[in-house]
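Peer 1: Take this structure first; my questions come after.
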Amino acid sequence: MTKNPRAVLRSLLDAALQAVAPDRAVHRHIQVQDNLLHIDNRTYNLDDYDRILVTGAGKGAAPMAAALEQLLGERITQGAVCVKYGHTVPLRRITLYEAAHPVPDAAGEAAARRMLELAASATGRDLVLCVLTGGASALTPALADGICLAHWQAATQRLLACGATIHEINAIRKHVSVFGGGRLAAAASPATLVALIISDVVGDDLDVIASGPTSPDSSTYEMCLGILDRYGLRHSMPAAITSRLEEGAAGRVPETPAQGDAAFDRVHNVLVANNRQALEAAAQEAARQGYTPRILTSTMTGEAREKAKELVTAARQLCAGEPLSGPVCLLAGGETTVTITGAGLGGRNQEMALAGAMHLQDCNNITMLCAGTDGSDGPTDAAGGFACAATLNAARCCGLDAGACLADNNSYVFLEKTGNLLKTGPTLTNVMDMALLLVECPDAA
């Protein structure tokens, strides 16, 4: 029986999400035996600590906190963790806060202040466990003096719309925040701090994930000004933001703590899940279902529509080359960008699916799925979308022009009306995005 390509693609995505589930990631890296806490290759004697405090933020932070409660139980003194609205799980000893993402709100600012207070209360005889996943930057807008939340909300919207990368956005976030850029670690010093981190950035740079609240910062105020200039934003940003960066570049505002700062003397950062793990799990499931998996990259960046064209081209070249022994699954991961020029609704994965459909209109043997592993793509309730040769025909039947929808960044409406929208709901994890393509080559045996 011929397999349903969409069902196969969804099963591959599900396998990937299971592999990077935050609670499983915590259990893979932590064991508790009597009074010994084993985290990777380090052992902590719990008798050495007066208190165990838990803090952190991100879309997948709640299940990570729940896993810590399962492992440590009443040993946890108290905790404060912030998640995106609706991304909650029941907790007993750790207080869970909800806030907005990607544009921050007052609830996130209050939660970040509470976490900083908790960290600052720690002494040299306390153990602070910090759980961090993608989304934490927007969820913890503890802003520097002189910058109000409205300023940062406006700045965030401009940065998201201009096509800036997450590395660039987070560099600026760190320099207007008193939470990111190593400052949570500085607040917790001299306590022992262990951060359990799920990566949602290309390259798994610890100082970029969640804006690096527990990591030495490699970015500077001068670099932030360069980012604003690159996108022509210096004069359209709220004056308080630009002034803060200019004051810092002039040496009148202290830099974020860098490598070698004493704040990190007792800090251990542990990467517990990333995009590569998700791709490998999807590849294993593809092989189990009879496809030959080929992971192209886990560091995909660039404009979403351009990456869609490249992926479809790679799939087409398989069929134009030597005959294959069976169907193939191409896998790519990373995080693309969308430079917003239109007034439509969508996200980078939906835009990839729409652009992919435009290059698949005469190719009946390729099916594509583009999805955000967090279950929310852009400011929508969708995770991404499917694309195949029939997509444009469905669009014509609905009276939609694919090119016009792409020009207007209106991928959500296009995919919804053609029946190609993917909705998963919150997945409670976040390891960037995945693009999966099934190639049923006509010449395959």
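Chain labels follow the order of the structure tokens: the first chain is A, the next B, and so on; residue numbering restarts at 1 in every chain, and ligands are counted from 1 in their shown order.
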I'd like to know which residues of segment 101-155 of chain A are strand (DSSP E) (by DSSP, run on the backbone); could you write them as number ranges by chain?

Peer 2: A: 126-132

Peer 1: Which neighbours of segment 387-400 of chain A fall inside 6 Å, counting only C-alpha atoms, when residues of the same chain fewer than 4 positions from it are skipped, and could you give them as a ChimeraX atom specification?

Peer 2: /A:353,357,360-364,367-368,418

Peer 1: I need the chosen residues saved as a PDB file, in the first residue's frame, with N, CA, C and O atoms.

Peer 2:
ATOM      1  N   ALA A 353       7.034  27.017   3.185  1.00  0.00           N
ATOM      2  CA  ALA A 353       6.099  26.089   2.547  1.00  0.00           C
ATOM      3  C   ALA A 353       5.442  26.730   1.325  1.00  0.00           C
ATOM      4  O   ALA A 353       5.305  26.094   0.270  1.00  0.00           O
ATOM      5  N   ALA A 357       6.003  25.485  -2.489  1.00  0.00           N
ATOM      6  CA  ALA A 357       4.908  25.084  -3.377  1.00  0.00           C
ATOM      7  C   ALA A 357       5.065  25.688  -4.767  1.00  0.00           C
ATOM      8  O   ALA A 357       4.745  25.056  -5.787  1.00  0.00           O
ATOM      9  N   LEU A 360       7.275  23.544  -6.760  1.00  0.00           N
ATOM     10  CA  LEU A 360       6.872  22.140  -6.863  1.00  0.00           C
ATOM     11  C   LEU A 360       5.684  21.925  -7.784  1.00  0.00           C
ATOM     12  O   LEU A 360       5.194  20.804  -7.906  1.00  0.00           O
ATOM     13  N   GLN A 361       5.223  22.971  -8.456  1.00  0.00           N
ATOM     14  CA  GLN A 361       3.951  22.879  -9.169  1.00  0.00           C
ATOM     15  C   GLN A 361       3.959  21.842 -10.288  1.00  0.00           C
ATOM     16  O   GLN A 361       2.897  21.327 -10.649  1.00  0.00           O
ATOM     17  N   ASP A 362       5.093  21.476 -10.837  1.00  0.00           N
ATOM     18  CA  ASP A 362       5.129  20.473 -11.904  1.00  0.00           C
ATOM     19  C   ASP A 362       5.908  19.238 -11.481  1.00  0.00           C
ATOM     20  O   ASP A 362       6.436  18.507 -12.311  1.00  0.00           O
ATOM     21  N   CYS A 363       5.968  18.992 -10.169  1.00  0.00           N
ATOM     22  CA  CYS A 363       6.757  17.868  -9.658  1.00  0.00           C
ATOM     23  C   CYS A 363       5.883  17.036  -8.717  1.00  0.00           C
ATOM     24  O   CYS A 363       5.694  17.402  -7.555  1.00  0.00           O
ATOM     25  N   ASN A 364       5.376  15.933  -9.207  1.00  0.00           N
ATOM     26  CA  ASN A 364       4.416  15.143  -8.454  1.00  0.00           C
ATOM     27  C   ASN A 364       5.034  14.173  -7.454  1.00  0.00           C
ATOM     28  O   ASN A 364       4.298  13.476  -6.747  1.00  0.00           O
ATOM     29  N   THR A 367       7.113  15.850  -1.648  1.00  0.00           N
ATOM     30  CA  THR A 367       6.225  16.458  -0.656  1.00  0.00           C
ATOM     31  C   THR A 367       7.082  17.071   0.437  1.00  0.00           C
ATOM     32  O   THR A 367       8.050  16.461   0.894  1.00  0.00           O
ATOM     33  N   MET A 368       6.725  18.257   0.862  1.00  0.00           N
ATOM     34  CA  MET A 368       7.563  19.043   1.772  1.00  0.00           C
ATOM     35  C   MET A 368       6.777  19.433   3.016  1.00  0.00           C
ATOM     36  O   MET A 368       5.582  19.725   2.953  1.00  0.00           O
ATOM     37  N   THR A 418      -5.785  26.448   1.316  1.00  0.00           N
ATOM     38  CA  THR A 418      -5.454  25.308   0.456  1.00  0.00           C
ATOM     39  C   THR A 418      -5.353  24.001   1.238  1.00  0.00           C
ATOM     40  O   THR A 418      -5.032  22.957   0.665  1.00  0.00           O
TER      41      THR A 418
END

Peer 1: Within segment 189-404 of chain A, find each residue whose DSSP state, derived from the backbone, is alpha helix (DSSP H), and express the selection as an MDAnalysis selection string.

Peer 2: chainID A and resid 221:230 239:249 275:288 304:320 348:359 390:397 402:404

Peer 1: Using C-alpha atoms, can you write the selected residues to a file as an mmCIF file, in the first residue's frame?

Peer 2:
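out_31.cif, freshly written:
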data_model
loop_
_atom_site.group_PDB
_atom_site.id
_atom_site.type_symbol
_atom_site.label_atom_id
_atom_site.label_comp_id
_atom_site.auth_asym_id
_atom_site.auth_seq_id
_atom_site.Cartn_x
_atom_site.Cartn_y
_atom_site.Cartn_z
ATOM 1 C CA TYR A 221 27.682 47.712 22.688
ATOM 2 C CA GLU A 222 29.716 48.663 19.617
ATOM 3 C CA MET A 223 28.549 45.522 17.827
ATOM 4 C CA CYS A 224 24.935 46.356 18.685
ATOM 5 C CA LEU A 225 25.250 49.786 17.070
ATOM 6 C CA GLY A 226 26.675 48.074 14.000
ATOM 7 C CA ILE A 227 23.578 45.864 13.826
ATOM 8 C CA LEU A 228 21.274 48.876 13.965
ATOM 9 C CA ASP A 229 23.262 50.542 11.197
ATOM 10 C CA ARG A 230 23.233 47.373 9.078
ATOM 11 C CA ALA A 239 15.736 57.101 21.657
ATOM 12 C CA ALA A 240 16.200 55.358 25.007
ATOM 13 C CA ILE A 241 17.443 52.198 23.247
ATOM 14 C CA THR A 242 19.871 54.003 20.957
ATOM 15 C CA SER A 243 21.115 56.180 23.814
ATOM 16 C CA ARG A 244 21.811 53.138 25.999
ATOM 17 C CA LEU A 245 23.876 51.488 23.255
ATOM 18 C CA GLU A 246 25.774 54.690 22.445
ATOM 19 C CA GLU A 247 26.533 55.325 26.124
ATOM 20 C CA GLY A 248 27.818 51.765 26.428
ATOM 21 C CA ALA A 249 29.967 52.023 23.305
ATOM 22 C CA ASN A 275 18.359 20.664 16.463
ATOM 23 C CA ARG A 276 20.836 18.008 15.378
ATOM 24 C CA GLN A 277 19.319 15.513 17.810
ATOM 25 C CA ALA A 278 15.867 16.219 16.381
ATOM 26 C CA LEU A 279 17.087 15.717 12.811
ATOM 27 C CA GLU A 280 18.810 12.452 13.703
ATOM 28 C CA ALA A 281 15.658 11.108 15.342
ATOM 29 C CA ALA A 282 13.582 12.050 12.290
ATOM 30 C CA ALA A 283 16.185 10.413 10.044
ATOM 31 C CA GLN A 284 16.004 7.201 12.057
ATOM 32 C CA GLU A 285 12.215 7.154 11.747
ATOM 33 C CA ALA A 286 12.484 7.800 8.003
ATOM 34 C CA ALA A 287 14.827 4.819 7.650
ATOM 35 C CA ARG A 288 12.423 2.662 9.660
ATOM 36 C CA ALA A 304 12.952 31.534 4.120
ATOM 37 C CA ARG A 305 11.807 31.769 0.504
ATOM 38 C CA GLU A 306 15.349 31.359 -0.805
ATOM 39 C CA LYS A 307 16.017 28.327 1.379
ATOM 40 C CA ALA A 308 12.796 26.745 0.153
ATOM 41 C CA LYS A 309 14.014 27.095 -3.437
ATOM 42 C CA GLU A 310 17.379 25.542 -2.524
ATOM 43 C CA LEU A 311 15.772 22.563 -0.793
ATOM 44 C CA VAL A 312 13.377 21.866 -3.667
ATOM 45 C CA THR A 313 16.273 22.147 -6.103
ATOM 46 C CA ALA A 314 18.232 19.586 -4.085
ATOM 47 C CA ALA A 315 15.245 17.234 -4.151
ATOM 48 C CA ARG A 316 14.806 17.664 -7.901
ATOM 49 C CA GLN A 317 18.488 16.940 -8.518
ATOM 50 C CA LEU A 318 18.086 13.555 -6.872
ATOM 51 C CA CYS A 319 15.656 12.545 -9.583
ATOM 52 C CA ALA A 320 17.793 14.047 -12.342
ATOM 53 C CA ARG A 348 9.154 31.719 8.463
ATOM 54 C CA ASN A 349 8.087 28.065 8.145
ATOM 55 C CA GLN A 350 4.801 28.957 6.511
ATOM 56 C CA GLU A 351 6.652 31.238 4.109
ATOM 57 C CA MET A 352 9.039 28.391 3.286
ATOM 58 C CA ALA A 353 6.099 26.089 2.547
ATOM 59 C CA LEU A 354 4.430 28.696 0.315
ATOM 60 C CA ALA A 355 7.669 29.381 -1.570
ATOM 61 C CA GLY A 356 8.317 25.645 -1.818
ATOM 62 C CA ALA A 357 4.908 25.084 -3.377
ATOM 63 C CA MET A 358 5.738 27.567 -6.121
ATOM 64 C CA HIS A 359 8.747 25.443 -7.096
ATOM 65 C CA ALA A 390 -1.179 19.975 -5.947
ATOM 66 C CA THR A 391 -0.847 23.025 -3.703
ATOM 67 C CA LEU A 392 -0.929 25.656 -6.446
ATOM 68 C CA ASN A 393 -3.888 23.978 -8.139
ATOM 69 C CA ALA A 394 -5.755 24.141 -4.834
ATOM 70 C CA ALA A 395 -4.828 27.815 -4.573
ATOM 71 C CA ARG A 396 -6.247 28.567 -8.009
ATOM 72 C CA CYS A 397 -9.485 26.865 -7.046
ATOM 73 C CA ALA A 402 0.688 32.362 -4.760
ATOM 74 C CA GLY A 403 3.072 35.086 -5.920
ATOM 75 C CA ALA A 404 0.852 37.822 -4.540
#

Peer 1: Where does segment 319-403 of chain A meet segment 84-94 of chain A within 12 Å, residue by residue, with the nearest atom pair and distance in Å to one decimal for each, counting only C-alpha atoms, listed by chain and rising number, as CSV?

Peer 2:
residue,atom,partner,partner_atom,distance
A:Asp374,CA,A:His87,CA,10.0
A:Gly375,CA,A:His87,CA,10.6
A:Ser376,CA,A:Lys84,CA,10.8
A:Asp381,CA,A:Gly86,CA,11.7

Peer 1: Skipping near chain neighbours, those fewer than 3 positions away, what residues fall within 12 Å of Met432 of chain A using only C-alpha atoms, listed as a ChimeraX atom specification?

Peer 2: /A:16-17,20,59,133-135,166,198-204,209,273-279,298-301,332-337,348-349,370-377,383,429,435

Peer 1: Quick one: write out the picked residues with N, CA and C atoms as a compact mmCIF listing (two decimals), in the first residue's frame?

Peer 2:
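Generated file (selection06.txt):
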# COMPACT_ATOMS: atom_id res chain seq x y z
N ALA A 16 10.98 13.45 15.98
CA ALA A 16 11.96 14.49 16.31
C ALA A 16 11.60 15.18 17.61
N LEU A 17 10.32 15.52 17.77
CA LEU A 17 9.87 16.22 18.97
C LEU A 17 10.04 15.35 20.21
N VAL A 20 13.65 15.44 21.52
CA VAL A 20 14.12 16.67 22.18
C VAL A 20 13.11 17.17 23.21
N LYS A 59 10.00 28.43 26.29
CA LYS A 59 8.78 27.72 25.91
C LYS A 59 8.76 26.29 26.45
N THR A 133 15.34 27.50 27.66
CA THR A 133 15.03 27.05 26.31
C THR A 133 14.73 28.27 25.45
N GLY A 134 14.53 28.03 24.17
CA GLY A 134 14.17 29.10 23.27
C GLY A 134 12.94 29.85 23.75
N GLY A 135 12.93 31.14 23.51
CA GLY A 135 11.83 31.98 23.96
C GLY A 135 12.14 32.74 25.23
N ILE A 166 18.63 35.85 14.84
CA ILE A 166 18.46 35.73 16.28
C ILE A 166 19.75 36.11 17.01
N ILE A 198 18.46 24.03 26.42
CA ILE A 198 18.03 23.48 25.14
C ILE A 198 18.25 24.56 24.09
N SER A 199 19.01 24.23 23.05
CA SER A 199 19.42 25.24 22.07
C SER A 199 18.35 25.49 21.02
N ASP A 200 18.10 26.77 20.76
CA ASP A 200 17.23 27.16 19.66
C ASP A 200 17.96 28.13 18.73
N VAL A 201 19.28 28.05 18.71
CA VAL A 201 20.05 28.95 17.84
C VAL A 201 21.04 28.15 17.01
N VAL A 202 21.29 28.62 15.81
CA VAL A 202 22.26 27.99 14.92
C VAL A 202 23.65 28.06 15.54
N GLY A 203 24.33 26.94 15.61
CA GLY A 203 25.66 26.88 16.18
C GLY A 203 25.68 26.57 17.66
N ASP A 204 24.51 26.56 18.32
CA ASP A 204 24.41 26.24 19.75
C ASP A 204 25.29 27.14 20.61
N ILE A 209 21.83 31.57 23.12
CA ILE A 209 20.62 30.87 23.55
C ILE A 209 20.01 31.61 24.74
N ALA A 273 19.84 19.44 24.70
CA ALA A 273 19.13 19.07 23.47
C ALA A 273 19.35 20.15 22.42
N ASN A 274 19.35 19.73 21.15
CA ASN A 274 19.53 20.70 20.07
C ASN A 274 18.89 20.19 18.78
N ASN A 275 19.00 20.98 17.73
CA ASN A 275 18.36 20.66 16.46
C ASN A 275 18.92 19.40 15.84
N ARG A 276 20.22 19.19 15.98
CA ARG A 276 20.84 18.01 15.38
C ARG A 276 20.21 16.72 15.93
N GLN A 277 19.95 16.69 17.22
CA GLN A 277 19.32 15.51 17.81
C GLN A 277 17.94 15.28 17.21
N ALA A 278 17.19 16.35 16.99
CA ALA A 278 15.87 16.22 16.38
C ALA A 278 15.97 15.67 14.96
N LEU A 279 16.90 16.19 14.18
CA LEU A 279 17.09 15.72 12.81
C LEU A 279 17.48 14.24 12.78
N SER A 298 22.16 21.25 9.79
CA SER A 298 21.44 21.66 11.00
C SER A 298 21.71 23.13 11.29
N THR A 299 22.30 23.82 10.32
CA THR A 299 22.66 25.24 10.49
C THR A 299 22.09 26.10 9.37
N MET A 300 20.90 25.78 8.93
CA MET A 300 20.26 26.53 7.84
C MET A 300 19.89 27.94 8.29
N THR A 301 20.32 28.92 7.53
CA THR A 301 19.97 30.32 7.78
C THR A 301 19.67 30.99 6.45
N ALA A 332 16.58 19.09 6.80
CA ALA A 332 17.38 20.29 7.08
C ALA A 332 16.82 20.97 8.31
N GLY A 333 17.71 21.54 9.10
CA GLY A 333 17.29 22.25 10.30
C GLY A 333 18.03 23.56 10.43
N GLY A 334 17.50 24.43 11.26
CA GLY A 334 18.12 25.73 11.49
C GLY A 334 17.05 26.76 11.74
N GLU A 335 17.35 28.00 11.39
CA GLU A 335 16.36 29.06 11.58
C GLU A 335 16.54 30.10 10.49
N THR A 336 15.55 30.20 9.63
CA THR A 336 15.59 31.18 8.56
C THR A 336 15.04 32.52 9.06
N THR A 337 15.03 33.48 8.19
CA THR A 337 14.46 34.79 8.52
C THR A 337 13.48 35.21 7.43
N ARG A 348 8.09 32.14 9.38
CA ARG A 348 9.15 31.72 8.46
C ARG A 348 8.91 30.32 7.88
N ASN A 349 8.35 29.41 8.67
CA ASN A 349 8.09 28.06 8.15
C ASN A 349 6.93 28.06 7.17
N CYS A 370 7.49 22.05 6.39
CA CYS A 370 8.33 23.02 7.10
C CYS A 370 7.64 23.32 8.43
N ALA A 371 8.37 23.14 9.54
CA ALA A 371 7.72 23.27 10.84
C ALA A 371 8.65 23.84 11.88
N GLY A 372 8.06 24.67 12.76
CA GLY A 372 8.76 25.14 13.95
C GLY A 372 8.58 24.11 15.04
N THR A 373 9.67 23.70 15.67
CA THR A 373 9.57 22.64 16.67
C THR A 373 8.84 23.08 17.94
N ASP A 374 8.63 24.38 18.08
CA ASP A 374 7.89 24.86 19.26
C ASP A 374 6.39 24.85 19.05
N GLY A 375 5.96 24.61 17.82
CA GLY A 375 4.53 24.56 17.54
C GLY A 375 3.91 25.90 17.24
N SER A 376 4.70 26.96 17.28
CA SER A 376 4.15 28.29 16.96
C SER A 376 5.10 29.00 16.01
N ASP A 377 4.60 29.31 14.82
CA ASP A 377 5.42 29.90 13.77
C ASP A 377 5.00 31.35 13.56
N ALA A 383 2.18 25.79 13.25
CA ALA A 383 3.58 25.41 13.38
C ALA A 383 4.32 25.52 12.06
N THR A 429 8.68 22.35 23.61
CA THR A 429 10.12 22.30 23.36
C THR A 429 10.44 23.35 22.30
N ALA A 435 12.88 21.30 8.09
CA ALA A 435 12.29 21.13 6.76
C ALA A 435 12.54 19.70 6.32

Peer 1: Nearest to Val26 of chain A among A:Leu415, A:Val270, A:Gly232, A:Cys148, with distances taken over only C-alpha atoms: which residue is it?

Peer 2: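 Result for the nearest residue to Val26 of chain A: A:Val270.
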
Peer 1: If you count only C-alpha atoms, which residues fall within 10 Å of Val131 of chain A, apart from same-chain ones fewer than 6 positions away, as a list in words?

Peer 2: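 My list of contacting residues is Pro22, Val26, Val54, Thr55, Gly56, Ala57, Gly58, Gly60, Ala61, Ala62, Pro63, Met64, Ala65, Leu68, Val81, Cys82, Val194, Ala195, Leu196, Ile197, Ile198 and Val270 of chain A.
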
Peer 1: Which residues, written as an MDAnalysis selection string, have at least one atom at most 12 Å from His268 of chain A, with only C-alpha atoms counted and residues fewer than 4 positions away on the same chain left out?

Peer 2: chainID A and resid 39:44 127:130 185 191:197 206 214:216 263:264

Peer 1: With N, CA and C atoms kept, could you save the residues just selected as an mmCIF file, in the first residue's frame?

Peer 2:
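Result file is selection-v2.cif:
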data_model
loop_
_atom_site.group_PDB
_atom_site.id
_atom_site.type_symbol
_atom_site.label_atom_id
_atom_site.label_comp_id
_atom_site.auth_asym_id
_atom_site.auth_seq_id
_atom_site.Cartn_x
_atom_site.Cartn_y
_atom_site.Cartn_z
ATOM 1 N N ILE A 39 25.327 15.332 37.168
ATOM 2 C CA ILE A 39 24.937 16.072 35.975
ATOM 3 C C ILE A 39 26.076 15.956 34.978
ATOM 4 N N ASP A 40 25.834 15.163 33.935
ATOM 5 C CA ASP A 40 26.888 14.833 32.971
ATOM 6 C C ASP A 40 28.091 14.247 33.716
ATOM 7 N N ASN A 41 29.242 14.871 33.580
ATOM 8 C CA ASN A 41 30.447 14.302 34.194
ATOM 9 C C ASN A 41 30.801 14.973 35.518
ATOM 10 N N ARG A 42 29.868 15.687 36.101
ATOM 11 C CA ARG A 42 30.107 16.339 37.389
ATOM 12 C C ARG A 42 29.182 15.747 38.446
ATOM 13 N N THR A 43 29.678 15.720 39.682
ATOM 14 C CA THR A 43 28.895 15.222 40.803
ATOM 15 C C THR A 43 28.839 16.290 41.890
ATOM 16 N N TYR A 44 27.627 16.523 42.402
ATOM 17 C CA TYR A 44 27.406 17.523 43.442
ATOM 18 C C TYR A 44 26.854 16.808 44.679
ATOM 19 N N LEU A 127 22.711 25.957 45.899
ATOM 20 C CA LEU A 127 22.805 25.427 44.538
ATOM 21 C C LEU A 127 21.632 25.982 43.743
ATOM 22 N N VAL A 128 21.939 26.663 42.644
ATOM 23 C CA VAL A 128 20.910 27.233 41.777
ATOM 24 C C VAL A 128 20.879 26.425 40.488
ATOM 25 N N LEU A 129 19.723 25.863 40.169
ATOM 26 C CA LEU A 129 19.532 25.136 38.921
ATOM 27 C C LEU A 129 18.693 26.006 37.993
ATOM 28 N N CYS A 130 19.191 26.235 36.797
ATOM 29 C CA CYS A 130 18.524 27.126 35.854
ATOM 30 C C CYS A 130 18.152 26.345 34.599
ATOM 31 N N ALA A 185 23.770 35.054 36.094
ATOM 32 C CA ALA A 185 24.884 34.402 36.777
ATOM 33 C C ALA A 185 25.542 35.364 37.757
ATOM 34 N N ALA A 191 26.964 31.627 44.526
ATOM 35 C CA ALA A 191 26.349 30.305 44.573
ATOM 36 C C ALA A 191 26.876 29.429 43.445
ATOM 37 N N THR A 192 26.729 28.126 43.595
ATOM 38 C CA THR A 192 26.983 27.207 42.491
ATOM 39 C C THR A 192 25.758 27.223 41.589
ATOM 40 N N LEU A 193 25.974 27.468 40.318
ATOM 41 C CA LEU A 193 24.871 27.564 39.369
ATOM 42 C C LEU A 193 25.083 26.562 38.243
ATOM 43 N N VAL A 194 24.075 25.724 37.994
ATOM 44 C CA VAL A 194 24.106 24.783 36.869
ATOM 45 C C VAL A 194 22.934 25.105 35.958
ATOM 46 N N ALA A 195 23.226 25.429 34.713
ATOM 47 C CA ALA A 195 22.183 25.747 33.739
ATOM 48 C C ALA A 195 22.007 24.572 32.788
ATOM 49 N N LEU A 196 20.774 24.126 32.650
ATOM 50 C CA LEU A 196 20.413 23.069 31.708
ATOM 51 C C LEU A 196 19.753 23.744 30.520
ATOM 52 N N ILE A 197 20.361 23.601 29.340
ATOM 53 C CA ILE A 197 20.019 24.466 28.211
ATOM 54 C C ILE A 197 19.596 23.658 26.994
ATOM 55 N N LEU A 206 26.229 29.268 23.450
ATOM 56 C CA LEU A 206 25.614 29.405 24.761
ATOM 57 C C LEU A 206 25.331 30.850 25.133
ATOM 58 N N THR A 214 23.335 32.961 31.726
ATOM 59 C CA THR A 214 24.317 32.288 32.586
ATOM 60 C C THR A 214 25.661 32.101 31.884
ATOM 61 N N SER A 215 25.866 32.796 30.778
ATOM 62 C CA SER A 215 27.071 32.587 29.972
ATOM 63 C C SER A 215 27.851 33.885 29.764
ATOM 64 N N PRO A 216 29.176 33.788 29.660
ATOM 65 C CA PRO A 216 29.974 34.972 29.321
ATOM 66 C C PRO A 216 29.529 35.524 27.970
ATOM 67 N N ALA A 263 32.092 36.153 37.969
ATOM 68 C CA ALA A 263 30.702 35.715 38.077
ATOM 69 C C ALA A 263 30.508 34.290 37.590
ATOM 70 N N PHE A 264 31.446 33.797 36.748
ATOM 71 C CA PHE A 264 31.286 32.469 36.160
ATOM 72 C C PHE A 264 32.178 31.412 36.808
#
